[in-house]
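Engineer: This is the content of entry-v3.txt (compact mmCIF, N, CA, C and O atoms):
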# COMPACT_ATOMS: atom_id res chain seq x y z
N MET X 1 20.39 -3.76 -2.85
CA MET X 1 21.59 -3.20 -2.26
C MET X 1 21.98 -4.04 -1.03
O MET X 1 21.12 -4.47 -0.29
N THR X 2 23.27 -4.18 -0.85
CA THR X 2 23.74 -4.85 0.35
C THR X 2 23.69 -3.88 1.52
O THR X 2 23.54 -2.66 1.33
N LYS X 3 23.84 -4.41 2.72
CA LYS X 3 23.86 -3.56 3.91
C LYS X 3 24.99 -2.54 3.81
O LYS X 3 24.80 -1.35 4.14
N GLN X 4 26.15 -2.95 3.35
CA GLN X 4 27.29 -2.02 3.21
C GLN X 4 26.98 -0.92 2.19
O GLN X 4 27.32 0.24 2.40
N GLU X 5 26.34 -1.28 1.10
CA GLU X 5 25.97 -0.28 0.08
C GLU X 5 24.94 0.70 0.63
O GLU X 5 25.02 1.90 0.35
N ILE X 6 23.99 0.20 1.40
CA ILE X 6 22.96 1.08 1.96
C ILE X 6 23.59 2.04 2.98
O ILE X 6 23.26 3.22 3.01
N ILE X 7 24.51 1.53 3.79
CA ILE X 7 25.20 2.40 4.77
C ILE X 7 25.99 3.48 4.03
O ILE X 7 25.98 4.65 4.42
N ALA X 8 26.66 3.10 2.94
CA ALA X 8 27.41 4.09 2.15
C ALA X 8 26.46 5.14 1.58
O ALA X 8 26.77 6.34 1.59
N LYS X 9 25.29 4.72 1.12
CA LYS X 9 24.32 5.66 0.56
C LYS X 9 23.76 6.56 1.65
O LYS X 9 23.54 7.75 1.44
N VAL X 10 23.54 6.02 2.86
CA VAL X 10 23.06 6.84 3.99
C VAL X 10 24.13 7.88 4.35
O VAL X 10 23.81 9.04 4.60
N ASN X 11 25.39 7.48 4.34
CA ASN X 11 26.47 8.44 4.63
C ASN X 11 26.55 9.51 3.54
O ASN X 11 26.83 10.68 3.83
N GLU X 12 26.27 9.13 2.30
CA GLU X 12 26.21 10.10 1.20
C GLU X 12 25.08 11.10 1.44
O GLU X 12 25.24 12.31 1.23
N LEU X 13 23.96 10.59 1.91
CA LEU X 13 22.82 11.45 2.24
C LEU X 13 23.19 12.43 3.34
O LEU X 13 22.91 13.63 3.24
N ILE X 14 23.82 11.94 4.39
CA ILE X 14 24.22 12.79 5.51
C ILE X 14 25.13 13.92 5.04
O ILE X 14 25.01 15.06 5.49
N ALA X 15 26.04 13.62 4.11
CA ALA X 15 27.01 14.59 3.63
C ALA X 15 26.45 15.55 2.59
O ALA X 15 27.09 16.57 2.28
N ALA X 16 25.28 15.26 2.05
CA ALA X 16 24.71 16.11 1.00
C ALA X 16 24.42 17.51 1.53
O ALA X 16 23.77 17.65 2.57
N PRO X 17 24.88 18.54 0.82
CA PRO X 17 24.63 19.91 1.29
C PRO X 17 23.15 20.28 1.28
O PRO X 17 22.74 21.18 2.01
N SER X 18 22.34 19.58 0.53
CA SER X 18 20.92 19.91 0.41
C SER X 18 20.03 19.12 1.38
O SER X 18 18.82 19.29 1.36
N VAL X 19 20.63 18.29 2.23
CA VAL X 19 19.82 17.47 3.14
C VAL X 19 19.18 18.35 4.22
O VAL X 19 19.81 19.26 4.75
N CYS X 20 17.91 18.09 4.51
CA CYS X 20 17.24 18.86 5.57
C CYS X 20 17.61 18.28 6.93
O CYS X 20 18.03 17.13 7.05
N ALA X 21 17.44 19.07 7.95
CA ALA X 21 17.87 18.71 9.30
C ALA X 21 17.21 17.43 9.81
O ALA X 21 17.87 16.57 10.41
N GLY X 22 15.92 17.27 9.56
CA GLY X 22 15.21 16.10 10.05
C GLY X 22 15.69 14.81 9.42
O GLY X 22 15.86 13.79 10.10
N VAL X 23 15.91 14.83 8.12
CA VAL X 23 16.40 13.64 7.43
C VAL X 23 17.83 13.34 7.86
O VAL X 23 18.19 12.19 8.10
N LYS X 24 18.64 14.39 7.99
CA LYS X 24 20.02 14.19 8.42
C LYS X 24 20.07 13.54 9.81
O LYS X 24 20.83 12.60 10.03
N ALA X 25 19.26 14.03 10.72
CA ALA X 25 19.23 13.47 12.08
C ALA X 25 18.79 12.01 12.05
O ALA X 25 19.39 11.16 12.73
N ALA X 26 17.76 11.70 11.26
CA ALA X 26 17.29 10.31 11.17
C ALA X 26 18.35 9.42 10.55
O ALA X 26 18.55 8.28 11.00
N ALA X 27 19.06 9.93 9.56
CA ALA X 27 20.12 9.15 8.91
C ALA X 27 21.29 8.91 9.87
O ALA X 27 21.83 7.80 9.94
N GLU X 28 21.67 9.93 10.62
CA GLU X 28 22.77 9.78 11.59
C GLU X 28 22.39 8.77 12.67
O GLU X 28 23.21 7.94 13.07
N THR X 29 21.16 8.83 13.13
CA THR X 29 20.69 7.87 14.14
C THR X 29 20.72 6.45 13.58
O THR X 29 21.15 5.51 14.25
N TYR X 30 20.29 6.31 12.34
CA TYR X 30 20.30 4.99 11.71
C TYR X 30 21.73 4.43 11.62
O TYR X 30 21.96 3.25 11.93
N VAL X 31 22.67 5.25 11.20
CA VAL X 31 24.06 4.78 11.05
C VAL X 31 24.59 4.28 12.39
O VAL X 31 25.28 3.26 12.46
N LYS X 32 24.24 4.97 13.46
CA LYS X 32 24.71 4.57 14.80
C LYS X 32 24.00 3.33 15.31
O LYS X 32 24.63 2.42 15.83
N ALA X 33 22.68 3.27 15.16
CA ALA X 33 21.89 2.20 15.78
C ALA X 33 21.68 0.99 14.87
O ALA X 33 21.71 -0.14 15.34
N GLN X 34 21.42 1.24 13.61
CA GLN X 34 21.13 0.20 12.62
C GLN X 34 20.12 -0.83 13.15
O GLN X 34 20.32 -2.03 13.04
N ASP X 35 19.03 -0.31 13.72
CA ASP X 35 17.97 -1.19 14.22
C ASP X 35 16.66 -0.86 13.50
O ASP X 35 16.59 0.08 12.71
N LYS X 36 15.64 -1.63 13.78
CA LYS X 36 14.35 -1.44 13.11
C LYS X 36 13.74 -0.07 13.39
O LYS X 36 13.23 0.57 12.48
N ALA X 37 13.82 0.37 14.62
CA ALA X 37 13.22 1.67 14.97
C ALA X 37 13.89 2.80 14.21
O ALA X 37 13.21 3.69 13.68
N SER X 38 15.21 2.80 14.14
CA SER X 38 15.91 3.88 13.42
C SER X 38 15.70 3.76 11.91
O SER X 38 15.61 4.76 11.21
N ALA X 39 15.61 2.54 11.40
CA ALA X 39 15.32 2.33 9.98
C ALA X 39 13.93 2.86 9.64
O ALA X 39 13.74 3.56 8.64
N ASP X 40 12.94 2.53 10.50
CA ASP X 40 11.57 3.02 10.28
C ASP X 40 11.50 4.54 10.32
O ASP X 40 10.80 5.16 9.52
N ALA X 41 12.25 5.15 11.24
CA ALA X 41 12.26 6.61 11.35
C ALA X 41 12.89 7.24 10.11
O ALA X 41 12.41 8.27 9.61
N LEU X 42 13.94 6.62 9.59
CA LEU X 42 14.58 7.14 8.38
C LEU X 42 13.62 7.03 7.19
O LEU X 42 13.48 7.98 6.42
N VAL X 43 12.96 5.90 7.04
CA VAL X 43 12.01 5.73 5.94
C VAL X 43 10.90 6.77 6.03
O VAL X 43 10.54 7.39 5.03
N LYS X 44 10.39 7.00 7.23
CA LYS X 44 9.33 8.00 7.42
C LYS X 44 9.83 9.40 7.02
O LYS X 44 9.12 10.17 6.37
N ALA X 45 11.05 9.74 7.42
CA ALA X 45 11.63 11.04 7.07
C ALA X 45 11.80 11.17 5.57
O ALA X 45 11.51 12.23 4.98
N LEU X 46 12.25 10.11 4.93
CA LEU X 46 12.44 10.13 3.48
C LEU X 46 11.10 10.28 2.76
O LEU X 46 11.01 11.04 1.79
N GLU X 47 10.08 9.59 3.24
CA GLU X 47 8.75 9.72 2.63
C GLU X 47 8.25 11.15 2.68
O GLU X 47 7.61 11.62 1.74
N ALA X 48 8.58 11.85 3.74
CA ALA X 48 8.12 13.23 3.91
C ALA X 48 8.92 14.24 3.10
O ALA X 48 8.39 15.28 2.71
N GLU X 49 10.19 13.95 2.86
CA GLU X 49 11.06 14.99 2.31
C GLU X 49 11.62 14.77 0.91
O GLU X 49 11.95 15.74 0.23
N VAL X 50 11.76 13.54 0.47
CA VAL X 50 12.34 13.30 -0.86
C VAL X 50 11.35 13.73 -1.92
O VAL X 50 10.19 13.35 -1.89
N CYS X 51 11.83 14.54 -2.85
CA CYS X 51 10.99 15.05 -3.93
C CYS X 51 11.25 14.29 -5.23
O CYS X 51 12.38 13.92 -5.51
N THR X 52 10.22 14.14 -6.00
CA THR X 52 10.39 13.54 -7.33
C THR X 52 10.86 14.63 -8.30
O THR X 52 10.74 15.83 -8.02
N VAL X 53 11.34 14.20 -9.43
CA VAL X 53 11.76 15.16 -10.44
C VAL X 53 10.56 15.97 -10.93
O VAL X 53 10.68 17.17 -11.20
N ASP X 54 9.40 15.33 -11.01
CA ASP X 54 8.20 16.06 -11.44
C ASP X 54 7.79 17.14 -10.43
O ASP X 54 7.36 18.22 -10.81
N GLU X 55 7.94 16.82 -9.14
CA GLU X 55 7.65 17.82 -8.11
C GLU X 55 8.61 19.00 -8.22
O GLU X 55 8.21 20.15 -8.07
N LEU X 56 9.87 18.72 -8.49
CA LEU X 56 10.86 19.80 -8.65
C LEU X 56 10.51 20.67 -9.85
O LEU X 56 10.54 21.90 -9.76
N ILE X 57 10.18 20.04 -10.94
CA ILE X 57 9.81 20.79 -12.15
C ILE X 57 8.61 21.69 -11.84
O ILE X 57 8.61 22.88 -12.18
N GLY X 58 7.60 21.13 -11.19
CA GLY X 58 6.41 21.91 -10.85
C GLY X 58 6.74 23.09 -9.96
O GLY X 58 6.24 24.20 -10.16
N LEU X 59 7.59 22.86 -8.97
CA LEU X 59 7.98 23.95 -8.07
C LEU X 59 8.73 25.03 -8.83
O LEU X 59 8.43 26.22 -8.70
N CYS X 60 9.71 24.63 -9.61
CA CYS X 60 10.54 25.63 -10.31
C CYS X 60 9.78 26.40 -11.39
O CYS X 60 10.14 27.52 -11.70
N GLU X 61 8.73 25.81 -11.92
CA GLU X 61 7.91 26.51 -12.91
C GLU X 61 6.86 27.40 -12.25
O GLU X 61 6.30 28.27 -12.92
N SER X 62 6.62 27.22 -10.97
CA SER X 62 5.61 28.01 -10.27
C SER X 62 6.15 29.40 -9.91
O SER X 62 7.36 29.62 -9.86
N GLU X 63 5.24 30.30 -9.63
CA GLU X 63 5.64 31.64 -9.19
C GLU X 63 6.40 31.56 -7.87
O GLU X 63 7.39 32.29 -7.67
N GLN X 64 5.96 30.69 -6.98
CA GLN X 64 6.65 30.51 -5.69
C GLN X 64 8.09 30.05 -5.91
O GLN X 64 9.01 30.56 -5.28
N GLY X 65 8.28 29.10 -6.81
CA GLY X 65 9.62 28.60 -7.10
C GLY X 65 10.51 29.66 -7.72
O GLY X 65 11.69 29.79 -7.39
N LYS X 66 9.93 30.45 -8.62
CA LYS X 66 10.69 31.53 -9.26
C LYS X 66 11.10 32.59 -8.24
O LYS X 66 12.20 33.14 -8.32
N LYS X 67 10.23 32.85 -7.27
CA LYS X 67 10.58 33.81 -6.21
C LYS X 67 11.66 33.25 -5.29
O LYS X 67 12.57 33.96 -4.89
N PHE X 68 11.53 31.96 -4.96
CA PHE X 68 12.47 31.34 -4.03
C PHE X 68 13.86 31.20 -4.65
O PHE X 68 14.86 31.56 -4.03
N PHE X 69 13.94 30.66 -5.86
CA PHE X 69 15.23 30.41 -6.50
C PHE X 69 15.71 31.57 -7.36
O PHE X 69 16.89 31.65 -7.67
N GLY X 70 14.80 32.43 -7.76
CA GLY X 70 15.11 33.44 -8.76
C GLY X 70 14.73 32.88 -10.12
O GLY X 70 14.94 31.68 -10.37
N ALA X 71 14.19 33.69 -10.98
CA ALA X 71 13.65 33.22 -12.26
C ALA X 71 14.70 32.51 -13.11
O ALA X 71 14.43 31.45 -13.69
N GLU X 72 15.90 33.06 -13.17
CA GLU X 72 16.95 32.48 -14.01
C GLU X 72 17.39 31.11 -13.48
O GLU X 72 17.50 30.14 -14.22
N ARG X 73 17.61 31.03 -12.18
CA ARG X 73 18.04 29.76 -11.58
C ARG X 73 16.91 28.73 -11.67
O ARG X 73 17.16 27.55 -11.94
N ALA X 74 15.68 29.14 -11.45
CA ALA X 74 14.55 28.23 -11.54
C ALA X 74 14.44 27.64 -12.95
O ALA X 74 14.22 26.44 -13.11
N ALA X 75 14.61 28.48 -13.96
CA ALA X 75 14.56 28.01 -15.34
C ALA X 75 15.68 27.01 -15.63
O ALA X 75 15.45 25.99 -16.30
N ALA X 76 16.87 27.29 -15.12
CA ALA X 76 17.99 26.38 -15.30
C ALA X 76 17.73 25.04 -14.61
O ALA X 76 18.06 23.97 -15.13
N MET X 77 17.11 25.10 -13.44
CA MET X 77 16.80 23.88 -12.70
C MET X 77 15.74 23.06 -13.44
O MET X 77 15.81 21.82 -13.46
N VAL X 78 14.78 23.72 -14.05
CA VAL X 78 13.76 23.02 -14.84
C VAL X 78 14.45 22.28 -15.99
O VAL X 78 14.16 21.10 -16.25
N GLU X 79 15.36 22.95 -16.65
CA GLU X 79 16.08 22.34 -17.77
C GLU X 79 16.87 21.11 -17.30
O GLU X 79 16.82 20.05 -17.92
N GLN X 80 17.59 21.25 -16.17
CA GLN X 80 18.35 20.13 -15.62
C GLN X 80 17.42 18.99 -15.22
O GLN X 80 17.73 17.82 -15.46
N ALA X 81 16.31 19.32 -14.59
CA ALA X 81 15.37 18.31 -14.12
C ALA X 81 14.74 17.55 -15.29
O ALA X 81 14.59 16.33 -15.24
N LYS X 82 14.40 18.26 -16.35
CA LYS X 82 13.82 17.61 -17.52
C LYS X 82 14.83 16.68 -18.19
O LYS X 82 14.48 15.59 -18.63
N LYS X 83 16.08 17.10 -18.22
CA LYS X 83 17.14 16.25 -18.77
C LYS X 83 17.31 15.01 -17.90
O LYS X 83 17.41 13.89 -18.41
N SER X 84 17.31 15.20 -16.60
CA SER X 84 17.44 14.09 -15.67
C SER X 84 16.28 13.11 -15.83
O SER X 84 16.48 11.88 -15.85
N LYS X 85 15.08 13.63 -15.97
CA LYS X 85 13.90 12.78 -16.15
C LYS X 85 14.01 12.00 -17.46
O LYS X 85 13.71 10.80 -17.50
N ALA X 86 14.46 12.65 -18.51
CA ALA X 86 14.62 11.98 -19.81
C ALA X 86 15.65 10.85 -19.73
O ALA X 86 15.56 9.87 -20.47
N GLU X 87 16.60 10.98 -18.81
CA GLU X 87 17.61 9.94 -18.61
C GLU X 87 17.10 8.82 -17.71
O GLU X 87 17.83 7.87 -17.43
N GLY X 88 15.85 8.94 -17.25
CA GLY X 88 15.24 7.89 -16.46
C GLY X 88 15.27 8.08 -14.96
O GLY X 88 14.85 7.20 -14.20
N ASN X 89 15.76 9.23 -14.50
CA ASN X 89 15.81 9.49 -13.06
C ASN X 89 14.44 9.89 -12.54
O ASN X 89 13.70 10.61 -13.20
N LYS X 90 14.13 9.43 -11.33
CA LYS X 90 12.82 9.67 -10.74
C LYS X 90 12.83 10.80 -9.72
O LYS X 90 11.79 11.34 -9.39
N TYR X 91 14.00 11.12 -9.19
CA TYR X 91 14.06 12.03 -8.05
C TYR X 91 14.66 13.37 -8.42
O TYR X 91 15.37 13.52 -9.41
N CYS X 92 14.37 14.34 -7.59
CA CYS X 92 14.91 15.69 -7.68
C CYS X 92 16.40 15.61 -7.97
O CYS X 92 17.07 14.64 -7.60
N ILE X 93 16.93 16.62 -8.59
CA ILE X 93 18.32 16.62 -9.01
C ILE X 93 19.31 16.92 -7.89
O ILE X 93 20.52 16.79 -8.08
N CYS X 94 18.83 17.26 -6.71
CA CYS X 94 19.76 17.58 -5.61
C CYS X 94 20.36 16.29 -5.04
O CYS X 94 19.74 15.23 -5.10
N PRO X 95 21.56 16.37 -4.50
CA PRO X 95 22.22 15.18 -3.96
C PRO X 95 21.44 14.48 -2.85
O PRO X 95 21.45 13.25 -2.76
N ALA X 96 20.74 15.23 -2.02
CA ALA X 96 19.98 14.61 -0.93
C ALA X 96 18.83 13.77 -1.46
O ALA X 96 18.61 12.64 -1.01
N CYS X 97 18.08 14.29 -2.41
CA CYS X 97 16.96 13.53 -2.96
C CYS X 97 17.45 12.35 -3.79
O CYS X 97 16.83 11.29 -3.79
N GLN X 98 18.56 12.53 -4.49
CA GLN X 98 19.11 11.42 -5.26
C GLN X 98 19.50 10.26 -4.34
O GLN X 98 19.12 9.12 -4.58
N ALA X 99 20.23 10.56 -3.27
CA ALA X 99 20.63 9.52 -2.32
C ALA X 99 19.42 8.99 -1.56
O ALA X 99 19.25 7.78 -1.40
N GLY X 100 18.57 9.90 -1.09
CA GLY X 100 17.39 9.51 -0.33
C GLY X 100 16.44 8.63 -1.12
O GLY X 100 15.87 7.67 -0.59
N GLY X 101 16.29 8.93 -2.39
CA GLY X 101 15.43 8.11 -3.25
C GLY X 101 15.96 6.70 -3.40
O GLY X 101 15.20 5.73 -3.34
N LYS X 102 17.26 6.57 -3.56
CA LYS X 102 17.87 5.23 -3.67
C LYS X 102 17.71 4.46 -2.37
O LYS X 102 17.43 3.26 -2.39
N ILE X 103 17.88 5.14 -1.25
CA ILE X 103 17.69 4.48 0.05
C ILE X 103 16.25 4.03 0.19
O ILE X 103 15.98 2.89 0.57
N TYR X 104 15.32 4.91 -0.15
CA TYR X 104 13.90 4.58 -0.03
C TYR X 104 13.54 3.39 -0.91
O TYR X 104 12.81 2.49 -0.49
N GLU X 105 14.04 3.37 -2.13
CA GLU X 105 13.77 2.26 -3.05
C GLU X 105 14.30 0.94 -2.50
O GLU X 105 13.80 -0.13 -2.84
N ASN X 106 15.35 1.01 -1.69
CA ASN X 106 15.99 -0.19 -1.14
C ASN X 106 15.80 -0.29 0.37
O ASN X 106 16.63 -0.86 1.08
N ARG X 107 14.70 0.24 0.87
CA ARG X 107 14.46 0.32 2.31
C ARG X 107 14.46 -1.05 2.99
O ARG X 107 14.75 -1.14 4.17
N GLU X 108 14.17 -2.12 2.25
CA GLU X 108 14.20 -3.44 2.85
C GLU X 108 15.61 -3.84 3.27
O GLU X 108 15.78 -4.73 4.11
N ALA X 109 16.61 -3.18 2.74
CA ALA X 109 18.01 -3.48 3.08
C ALA X 109 18.45 -2.73 4.34
O ALA X 109 19.54 -3.02 4.86
N LEU X 110 17.63 -1.80 4.83
CA LEU X 110 18.01 -1.05 6.03
C LEU X 110 18.07 -1.95 7.25
O LEU X 110 17.38 -2.90 7.38
Rewrite the structure of this file - the entire thing - as structure tokens.
Structural biologist:
Amino acid sequence: MTKQEIIAKVNELIAAPSVCAGVKAAAETYVKAQDKASADALVKALEAEVCTVDELIGLCESEQGKKFFGAERAAAMVEQAKKSKAEGNKYCICPACQAGGKIYENREAL
């Protein structure tokens, strides 16, 4: 990814409704500073928060996931996640993990 593409993906991450506060703050700092320290902080935040599609499936199939999302929604999310995985996607189906995963994969461009 080019620097412009990575900045666009970071802005996509910031705008994602599913982004957690810590990742959003790190992403906003990176967009403003675009230095090594802010890039390293963003990578660290992504490592801690971005979920794989397998992790999502495991969560949604668990009792905890069914309680959190509701059984019907959790089952629907499992179905979506399995379809996404079959299409070759590695990350959770939410917009934040999708964008965050791409940024993480291309962290050398930060």
Engineer: Residues near Lys82 of chain X, anyone? I mean within 7 Å using all atoms listed in the file, not counting same-chain ones fewer than 5 positions away, as a list in words.
Structural biologist: Val53, Ile57, Ala76, Met77, Glu87 and Gly88 of chain X
Engineer: What separation in Å, quoted to one decimal, exists between atom O of Ala41 of chain X and atom C of Ala15 of chain X?
Structural biologist: 17.3 Å
Engineer: Provide the atom N of Ala27 of chain X to atom N of Gly70 of chain X distance in Å, to one decimal place.
Structural biologist: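 Taking atom N of Ala27 of chain X as the start and atom N of Gly70 of chain X as the end point, the length is 28.7 Å.
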Engineer: Of the residues X:Tyr104, X:Cys60, X:Lys85, X:Ser18, which is the one nearest to Arg73 of chain X, using only N, CA, C and O atoms?
Structural biologist: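 Once distances to Arg73 of chain X are computed over only N, CA, C and O atoms, the minimum belongs to X:Cys60.
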Engineer: Quick check, in Å to one decimal: how far apart do atom CA of Ile14 of chain X and atom CA of Lys83 of chain X lie?
Structural biologist: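 Atom CA of Lys83 of chain X lies 25.5 Å from atom CA of Ile14 of chain X.
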Engineer: Tell me, as a compact mmCIF listing (two decimals) with N, CA, C and O atoms, in the frame of the given file, which residues lie within 10 Å of Gln98 of chain X, counting only C-alpha atoms; anything in the same chain fewer than 5 positions away does not count.
Structural biologist:
# COMPACT_ATOMS: atom_id res chain seq x y z
N LYS X 9 25.29 4.72 1.12
CA LYS X 9 24.32 5.66 0.56
C LYS X 9 23.76 6.56 1.65
O LYS X 9 23.54 7.75 1.44
N GLU X 12 26.27 9.13 2.30
CA GLU X 12 26.21 10.10 1.20
C GLU X 12 25.08 11.10 1.44
O GLU X 12 25.24 12.31 1.23
N LEU X 13 23.96 10.59 1.91
CA LEU X 13 22.82 11.45 2.24
C LEU X 13 23.19 12.43 3.34
O LEU X 13 22.91 13.63 3.24
N ALA X 16 25.28 15.26 2.05
CA ALA X 16 24.71 16.11 1.00
C ALA X 16 24.42 17.51 1.53
O ALA X 16 23.77 17.65 2.57
N VAL X 50 11.76 13.54 0.47
CA VAL X 50 12.34 13.30 -0.86
C VAL X 50 11.35 13.73 -1.92
O VAL X 50 10.19 13.35 -1.89
N CYS X 51 11.83 14.54 -2.85
CA CYS X 51 10.99 15.05 -3.93
C CYS X 51 11.25 14.29 -5.23
O CYS X 51 12.38 13.92 -5.51
N THR X 52 10.22 14.14 -6.00
CA THR X 52 10.39 13.54 -7.33
C THR X 52 10.86 14.63 -8.30
O THR X 52 10.74 15.83 -8.02
N VAL X 53 11.34 14.20 -9.43
CA VAL X 53 11.76 15.16 -10.44
C VAL X 53 10.56 15.97 -10.93
O VAL X 53 10.68 17.17 -11.20
N ASN X 89 15.76 9.23 -14.50
CA ASN X 89 15.81 9.49 -13.06
C ASN X 89 14.44 9.89 -12.54
O ASN X 89 13.70 10.61 -13.20
N LYS X 90 14.13 9.43 -11.33
CA LYS X 90 12.82 9.67 -10.74
C LYS X 90 12.83 10.80 -9.72
O LYS X 90 11.79 11.34 -9.39
N TYR X 91 14.00 11.12 -9.19
CA TYR X 91 14.06 12.03 -8.05
C TYR X 91 14.66 13.37 -8.42
O TYR X 91 15.37 13.52 -9.41
N CYS X 92 14.37 14.34 -7.59
CA CYS X 92 14.91 15.69 -7.68
C CYS X 92 16.40 15.61 -7.97
O CYS X 92 17.07 14.64 -7.60
N ILE X 93 16.93 16.62 -8.59
CA ILE X 93 18.32 16.62 -9.01
C ILE X 93 19.31 16.92 -7.89
O ILE X 93 20.52 16.79 -8.08
N ILE X 103 17.88 5.14 -1.25
CA ILE X 103 17.69 4.48 0.05
C ILE X 103 16.25 4.03 0.19
O ILE X 103 15.98 2.89 0.57
Engineer: Write out as a count of residues only which residues come within 8 Å of Leu42 of chain X when counting only C-alpha atoms, dropping same-chain ones fewer than 4 positions away.
Structural biologist: 6
Engineer: Residues within 8 Å of Phe68 of chain X, please, as a ChimeraX atom specification. Count all atoms listed in the file; anything in the same chain fewer than 6 positions from it doesn't count.
Structural biologist: /X:59,62,74
Engineer: I want to know what sits within 8 Å of Val31 of chain X, based on only N, CA, C and O atoms, with residues of the same chain fewer than 5 positions away left out; could you give that as an mmCIF file with N, CA, C and O atoms, in the frame of the given file?
Structural biologist:
data_model
loop_
_atom_site.group_PDB
_atom_site.id
_atom_site.type_symbol
_atom_site.label_atom_id
_atom_site.label_comp_id
_atom_site.auth_asym_id
_atom_site.auth_seq_id
_atom_site.Cartn_x
_atom_site.Cartn_y
_atom_site.Cartn_z
ATOM 1 N N ILE X 7 24.510 1.530 3.790
ATOM 2 C CA ILE X 7 25.200 2.400 4.770
ATOM 3 C C ILE X 7 25.990 3.480 4.030
ATOM 4 O O ILE X 7 25.980 4.650 4.420
ATOM 5 N N VAL X 10 23.540 6.020 2.860
ATOM 6 C CA VAL X 10 23.060 6.840 3.990
ATOM 7 C C VAL X 10 24.130 7.880 4.350
ATOM 8 O O VAL X 10 23.810 9.040 4.600
ATOM 9 N N ASN X 11 25.390 7.480 4.340
ATOM 10 C CA ASN X 11 26.470 8.440 4.630
ATOM 11 C C ASN X 11 26.550 9.510 3.540
ATOM 12 O O ASN X 11 26.830 10.680 3.830
ATOM 13 N N LYS X 24 18.640 14.390 7.990
ATOM 14 C CA LYS X 24 20.020 14.190 8.420
ATOM 15 C C LYS X 24 20.070 13.540 9.810
ATOM 16 O O LYS X 24 20.830 12.600 10.030
ATOM 17 N N ALA X 25 19.260 14.030 10.720
ATOM 18 C CA ALA X 25 19.230 13.470 12.080
ATOM 19 C C ALA X 25 18.790 12.010 12.050
ATOM 20 O O ALA X 25 19.390 11.160 12.730
ATOM 21 N N ALA X 26 17.760 11.700 11.260
ATOM 22 C CA ALA X 26 17.290 10.310 11.170
ATOM 23 C C ALA X 26 18.350 9.420 10.550
ATOM 24 O O ALA X 26 18.550 8.280 11.000
ATOM 25 N N SER X 38 15.210 2.800 14.140
ATOM 26 C CA SER X 38 15.910 3.880 13.420
ATOM 27 C C SER X 38 15.700 3.760 11.910
ATOM 28 O O SER X 38 15.610 4.760 11.210
ATOM 29 N N ALA X 39 15.610 2.540 11.400
ATOM 30 C CA ALA X 39 15.320 2.330 9.980
ATOM 31 C C ALA X 39 13.930 2.860 9.640
ATOM 32 O O ALA X 39 13.740 3.560 8.640
#
Engineer: Out of X:Val43, X:Ala33, X:Cys20, X:Ala71, which residue has the shortest atom-to-atom distance to Pro95 of chain X when counting only C-alpha atoms?
Structural biologist: X:Cys20
